[in-house]
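What follows is the content of structure-v2.tsv (TSV, C-alpha atoms).
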chain	number	residue	atom	x	y	z
A	179	MET	CA	19.27	10.84	1.52
A	180	MET	CA	17.12	11.55	-1.51
A	181	THR	CA	19.32	13.15	-4.17
A	182	GLY	CA	19.48	13.67	-7.91
A	183	PRO	CA	18.10	15.99	-10.55
A	184	THR	CA	14.35	16.33	-10.94
A	185	GLU	CA	14.09	18.23	-14.24
A	186	GLY	CA	11.81	16.76	-16.87
A	187	LEU	CA	9.45	14.95	-14.52
A	188	GLY	CA	6.19	14.53	-16.39
A	189	PRO	CA	2.68	14.16	-14.96
A	190	ILE	CA	1.24	10.66	-14.79
A	191	SER	CA	-1.32	9.97	-17.51
A	192	ARG	CA	-4.78	8.98	-16.26
A	193	PRO	CA	-3.68	7.19	-13.09
A	194	THR	CA	-5.94	4.61	-11.50
A	195	PRO	CA	-7.33	6.34	-8.40
A	196	LEU	CA	-6.45	5.07	-4.95
A	197	PRO	CA	-9.18	3.24	-3.04
A	198	GLU	CA	-11.12	5.21	-0.46
A	199	PRO	CA	-10.24	5.41	2.33
A	200	PRO	CA	-6.58	5.40	1.21
A	201	LEU	CA	-5.32	2.91	3.78
A	202	LEU	CA	-3.39	-0.03	2.38
A	203	ALA	CA	-3.47	-3.07	4.68
A	204	ILE	CA	-0.59	-5.45	3.91
A	205	THR	CA	-0.76	-9.11	4.90
A	206	ASP	CA	1.69	-11.11	6.98
A	207	ARG	CA	0.08	-14.35	8.13
A	208	ARG	CA	2.83	-14.83	10.75
A	209	LEU	CA	1.51	-11.78	12.61
A	210	ALA	CA	-2.14	-12.81	12.33
A	211	ASP	CA	-4.09	-14.75	14.95
A	212	ARG	CA	-6.37	-16.42	12.41
A	213	PRO	CA	-6.33	-17.44	8.72
A	214	LEU	CA	-5.90	-14.51	6.34
A	215	PRO	CA	-9.38	-14.78	4.78
A	216	GLN	CA	-10.87	-14.33	8.26
A	217	VAL	CA	-8.52	-11.41	8.91
A	218	ALA	CA	-9.66	-9.89	5.60
A	219	GLU	CA	-13.33	-10.23	6.52
A	220	ARG	CA	-12.69	-8.34	9.76
A	221	LEU	CA	-10.70	-5.64	7.99
A	222	PHE	CA	-13.39	-5.05	5.40
A	223	ALA	CA	-16.08	-4.98	8.09
A	224	CYS	CA	-14.09	-2.24	9.86
A	225	GLY	CA	-13.94	-0.08	6.74
A	226	VAL	CA	-10.74	-1.16	4.96
A	227	ARG	CA	-11.16	-1.12	1.18
A	228	TRP	CA	-7.62	-1.94	0.05
A	229	LEU	CA	-5.71	-5.10	0.94
A	230	SER	CA	-2.47	-6.40	-0.54
A	231	LEU	CA	-1.35	-10.01	-0.25
A	232	ARG	CA	2.35	-10.08	0.64
A	233	ASP	CA	3.48	-13.41	2.18
A	234	LYS	CA	6.08	-13.88	-0.54
A	235	ASP	CA	7.53	-16.99	1.07
A	236	LEU	CA	4.51	-19.10	0.08
A	237	PRO	CA	4.72	-21.29	-3.03
A	238	ASP	CA	3.00	-19.74	-6.05
A	239	ARG	CA	0.18	-22.29	-5.98
A	240	GLU	CA	-0.67	-21.46	-2.37
A	241	ARG	CA	-0.42	-17.71	-3.02
A	242	LEU	CA	-2.73	-18.09	-6.00
A	243	ASP	CA	-5.35	-19.95	-3.97
A	244	LEU	CA	-5.05	-17.47	-1.13
A	245	ALA	CA	-5.33	-14.53	-3.51
A	246	ARG	CA	-8.56	-15.91	-4.95
A	247	ALA	CA	-9.96	-16.45	-1.45
A	248	LEU	CA	-9.18	-12.85	-0.50
A	249	ILE	CA	-10.79	-11.56	-3.69
A	250	ALA	CA	-13.94	-13.49	-2.80
A	251	CYS	CA	-13.92	-11.89	0.67
A	252	ALA	CA	-13.49	-8.42	-0.83
A	253	ARG	CA	-16.21	-8.64	-3.45
A	254	PRO	CA	-19.26	-7.96	-1.22
A	255	TRP	CA	-17.51	-4.87	0.20
A	256	GLY	CA	-16.40	-3.43	-3.12
A	257	ALA	CA	-12.81	-3.59	-1.88
A	258	ARG	CA	-9.69	-3.93	-4.00
A	259	VAL	CA	-7.16	-6.72	-3.44
A	260	THR	CA	-3.67	-6.40	-4.89
A	261	LEU	CA	-0.53	-8.53	-4.75
A	262	HIS	CA	2.94	-7.67	-3.52
A	263	GLY	CA	5.35	-9.11	-6.05
A	264	ASP	CA	4.80	-10.92	-9.32
A	265	PRO	CA	2.48	-9.23	-11.88
A	266	ALA	CA	2.00	-12.53	-13.74
A	267	LEU	CA	0.70	-14.19	-10.56
A	268	ALA	CA	-1.58	-11.20	-9.91
A	269	ALA	CA	-2.97	-11.52	-13.44
A	270	ALA	CA	-3.51	-15.27	-13.04
A	271	ALA	CA	-5.49	-14.67	-9.84
A	272	GLY	CA	-7.60	-11.91	-11.39
A	273	MET	CA	-6.34	-9.35	-8.87
A	274	GLY	CA	-6.99	-5.63	-9.08
A	275	GLY	CA	-3.34	-4.63	-9.14
A	276	VAL	CA	0.20	-5.26	-8.01
A	277	HIS	CA	2.75	-3.64	-5.71
A	278	LEU	CA	6.27	-3.91	-7.09
A	279	PRO	CA	9.59	-3.85	-5.25
A	280	ALA	CA	12.09	-1.06	-5.84
A	281	GLY	CA	13.48	-1.53	-9.33
A	282	GLY	CA	10.28	-3.20	-10.57
A	283	ASP	CA	8.86	-2.46	-14.00
A	284	PRO	CA	5.45	-0.75	-13.76
A	285	ALA	CA	5.10	-0.54	-17.55
A	286	ALA	CA	5.46	-4.32	-17.94
A	287	ALA	CA	2.97	-4.85	-15.10
A	288	ARG	CA	0.50	-2.55	-16.86
A	289	VAL	CA	0.73	-4.64	-20.02
A	290	LEU	CA	-0.14	-7.78	-18.04
A	291	LEU	CA	-2.84	-6.30	-15.80
A	292	GLY	CA	-4.50	-3.68	-17.97
A	293	ALA	CA	-5.19	0.02	-17.83
A	294	GLY	CA	-7.52	-0.19	-14.83
A	295	ALA	CA	-5.09	-2.04	-12.57
A	296	LEU	CA	-3.67	-0.28	-9.51
A	297	ILE	CA	0.12	-0.44	-9.78
A	298	GLY	CA	2.42	0.68	-6.98
A	299	LEU	CA	6.14	0.76	-6.39
A	300	SER	CA	8.24	0.67	-3.22
A	301	LEU	CA	10.80	3.46	-2.83
A	302	HIS	CA	13.29	4.24	-0.09
A	303	ASP	CA	15.31	7.34	0.66
A	304	SER	CA	18.40	5.73	-0.86
A	305	ASP	CA	16.64	5.29	-4.22
A	306	GLY	CA	16.87	8.99	-5.02
A	307	ALA	CA	14.77	11.33	-7.10
A	308	GLN	CA	15.50	9.48	-10.34
A	309	ALA	CA	13.52	6.47	-9.09
A	310	MET	CA	10.45	8.68	-8.77
A	311	ALA	CA	11.12	10.10	-12.23
A	312	ARG	CA	11.27	6.62	-13.76
A	313	ALA	CA	7.97	5.65	-12.12
A	314	ALA	CA	6.15	8.78	-13.34
A	315	GLY	CA	3.63	7.97	-16.04
A	316	GLN	CA	3.79	4.25	-15.27
A	317	ALA	CA	2.90	3.60	-11.61
A	318	ASP	CA	-0.23	4.91	-9.88
A	319	TYR	CA	1.47	5.49	-6.52
A	320	VAL	CA	4.66	4.88	-4.60
A	321	THR	CA	5.22	3.89	-0.99
A	322	VAL	CA	8.12	5.44	0.91
A	323	SER	CA	9.44	3.98	4.14
A	324	PRO	CA	10.03	3.86	6.96
A	325	VAL	CA	8.29	7.01	8.11
A	326	PHE	CA	8.55	6.08	11.80
A	327	PRO	CA	10.12	3.14	13.69
A	328	SER	CA	8.26	-0.06	12.89
A	329	ALA	CA	7.44	-2.83	15.35
A	330	SER	CA	7.16	-5.23	12.40
A	331	LYS	CA	10.72	-4.42	11.25
A	332	PRO	CA	12.72	-3.34	14.30
A	333	GLY	CA	15.92	-1.52	13.42
A	334	TYR	CA	14.73	-0.76	9.89
A	335	GLY	CA	15.71	2.74	8.86
A	336	PRO	CA	16.81	5.45	9.05
A	337	CYS	CA	13.33	6.86	9.50
A	338	LEU	CA	12.11	9.68	7.30
A	339	GLY	CA	9.90	11.42	9.84
A	340	GLU	CA	7.34	13.93	8.64
A	341	ALA	CA	10.00	16.23	7.17
A	342	GLY	CA	11.52	13.46	5.07
A	343	LEU	CA	8.10	12.31	3.95
A	344	ARG	CA	7.26	15.86	2.88
A	345	ARG	CA	10.37	15.94	0.64
A	346	TRP	CA	9.09	12.88	-1.19
A	347	VAL	CA	5.57	14.31	-1.38
A	348	ASP	CA	6.90	17.54	-2.90
A	349	LEU	CA	8.73	15.52	-5.53
A	350	GLY	CA	5.61	13.45	-6.17
A	351	VAL	CA	3.55	16.58	-6.70
A	352	ARG	CA	5.95	17.69	-9.41
A	353	CYS	CA	5.39	14.51	-11.41
A	354	GLY	CA	1.81	13.74	-10.45
A	355	MET	CA	2.68	10.76	-8.27
A	356	PRO	CA	0.69	10.04	-5.08
A	357	VAL	CA	2.93	9.10	-2.15
A	358	ILE	CA	1.88	6.56	0.50
A	359	GLY	CA	3.65	6.58	3.86
A	360	LEU	CA	4.68	3.22	5.35
A	361	GLY	CA	6.28	2.24	8.64
A	362	GLY	CA	5.29	2.85	12.24
A	363	LEU	CA	1.86	4.20	11.35
A	364	ASP	CA	-0.11	2.52	14.10
A	365	ARG	CA	-1.54	5.64	15.77
A	366	ALA	CA	-4.10	8.16	14.55
A	367	ASP	CA	-1.78	11.09	15.30
A	368	ALA	CA	0.97	9.54	13.16
A	369	VAL	CA	-1.50	9.09	10.29
A	370	ALA	CA	-2.69	12.66	10.70
A	371	GLY	CA	0.94	13.79	10.57
A	372	CYS	CA	1.42	11.96	7.28
A	373	ARG	CA	-1.65	13.64	5.86
A	374	ALA	CA	-0.39	17.01	7.05
A	375	ALA	CA	2.87	16.28	5.21
A	376	GLY	CA	0.83	15.78	2.05
A	377	ALA	CA	0.78	11.99	1.81
A	378	ALA	CA	-2.06	10.59	-0.28
A	379	GLY	CA	-2.53	7.75	2.21
A	380	VAL	CA	-0.80	5.29	4.50
A	381	ALA	CA	0.09	1.60	4.57
A	382	VAL	CA	-0.15	-0.63	7.65
A	383	MET	CA	0.89	-4.23	8.20
A	384	GLY	CA	1.40	-5.41	11.79
A	385	LEU	CA	-1.54	-3.62	13.37
A	386	ALA	CA	-3.83	-4.70	10.54
A	387	MET	CA	-2.95	-8.33	11.15
A	388	ARG	CA	-3.27	-8.13	14.94
A	389	ASP	CA	-6.37	-6.04	15.50
A	390	ALA	CA	-8.72	-4.88	12.76
A	391	GLN	CA	-10.73	-2.77	15.20
A	392	ALA	CA	-7.59	-0.77	16.02
A	393	LEU	CA	-7.58	0.54	12.44
A	394	LYS	CA	-10.80	2.49	12.94
A	395	PRO	CA	-9.07	5.59	14.42
A	396	LEU	CA	-6.56	5.48	11.55
A	397	LEU	CA	-9.34	5.28	8.98
A	398	ALA	CA	-11.10	8.18	10.70
A	399	ALA	CA	-7.88	10.22	10.52
A	400	LEU	CA	-7.83	9.67	6.75
A	401	ALA	CA	-11.46	10.60	6.18
A	402	PRO	CA	-12.35	14.13	5.06
A	403	GLU	CA	-13.91	16.09	7.89
A	404	GLY	CA	-17.54	15.16	8.33
A	405	ASP	CA	-17.31	11.92	6.35
A	406	ASP	CA	-18.26	8.58	7.88
A	407	LEU	CA	-16.28	5.38	7.52
A	408	PRO	CA	-17.45	3.12	4.67
A	409	ARG	CA	-20.10	0.61	5.55
Full structure transcribed into structure tokens:
Amino acid sequence: MMTGPTEGLGPISRPTPLPEPPLLAITDRRLADRPLPQVAERLFACGVRWLSLRDKDLPDRERLDLARALIACARPWGARVTLHGDPALAAAAGMGGVHLPAGGDPAAARVLLGAGALIGLSLHDSDGAQAMARAAGQADYVTVSPVFPSASKPGYGPCLGEAGLRRWVDLGVRCGMPVIGLGGLDRADAVAGCRAAGAAGVAVMGLAMRDAQALKPLLAALAPEGDDLPR
């Protein structure tokens, strides 16, 4: 349960804006049916403009090579590729940002990656309000999870649901921190529910790896009314 005082939360200073549409596709090569660069090409062709390389079990050298390959895939689409994990590795690869685990240091990542980098932080309900307060002014967004039961991580929880997500969003509003929902967001109605709760966007892993085309309804649910998907 999210607890703790929230006084003194300051607004973030000139945050790097989230990519549009605000759907973060997270890699897991074990769930993919083809090499990750080919998965990335399909995702970008379907309208995804934000991809983060996770696959933390790979040796650094392999992650570095893979990161550079994904950046090359993203370039013609104007998409941003970030890294889950080590800011130094992200900097070495020339990536557009990093997603840190809970307890990570966004300020140190900013020093390595520069003012224009997109820096995110994972939070969970057990982290409490103080974790959001510490991230304010340093990170550009936080992910909170799991919103709904996740096929990629069965048994992971307890789930926040829309009401729990809204509590985090309300806290984020107070300190100028965009909140991204993660977990079980593989249907357009679930994505729409996150948006209704005030989430700035959503993150998807398993579905993104299995079927890029299946993300199109999710992307449409994130688009302002009347807007087309990116081409």
Checklist entry - Which protein, DNA or RNA residues are at most 12 Å from (-10.6, -12.2, -1.7) in the file's coordinates when you count only C-alpha atoms, listed as a PyMOL selection string? => result chain A and resi 214-219+221-222+227-231+241-261+271-274
Checklist entry - Which residues, written as a ChimeraX atom specification, have at least one atom at most 12 Å from Ala386 of chain A, with only C-alpha atoms counted and residues fewer than 3 positions away on the same chain left out? => result /A:201-207,209-211,214,217-222,224-226,228-230,330,362-365,381-383,389-394,396-397
Next on the checklist: List as a ChimeraX atom specification the protein and nucleic acid residues near segment 284-297 of chain A, meaning an atom at most 12 Å away when all atoms listed in the file are counted, but skip any in the same chain fewer than 2 places from it.
Outcome noted: /A:191-197,202,228-230,258-282,299-300,309-310,312-321,355-356
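Across the model, the gap from atom CA of Asp238 of chain A to atom CA of Gly361 of chain A is 26.6 Å.
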Checklist entry - atom CA of Val369 of chain A to atom CA of Cys337 of chain A: how many Å, to one decimal? => result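 Computing it gives 15.0 Å between the two atoms.
Atom CA of Leu360 of chain A lies 16.7 Å from atom CA of Asp348 of chain A.
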Taking all atoms of segment 313-316 of chain A that the file lists, what box with edges along x, y and z, padded by 4 Å per side, do you get, with centre and edge lengths in Å to one decimal, as lines of an AutoDock Vina configuration file?
center_x = 5.8
center_y = 6.5
center_z = -14.1
size_x = 12.3
size_y = 12.5
size_z = 11.9
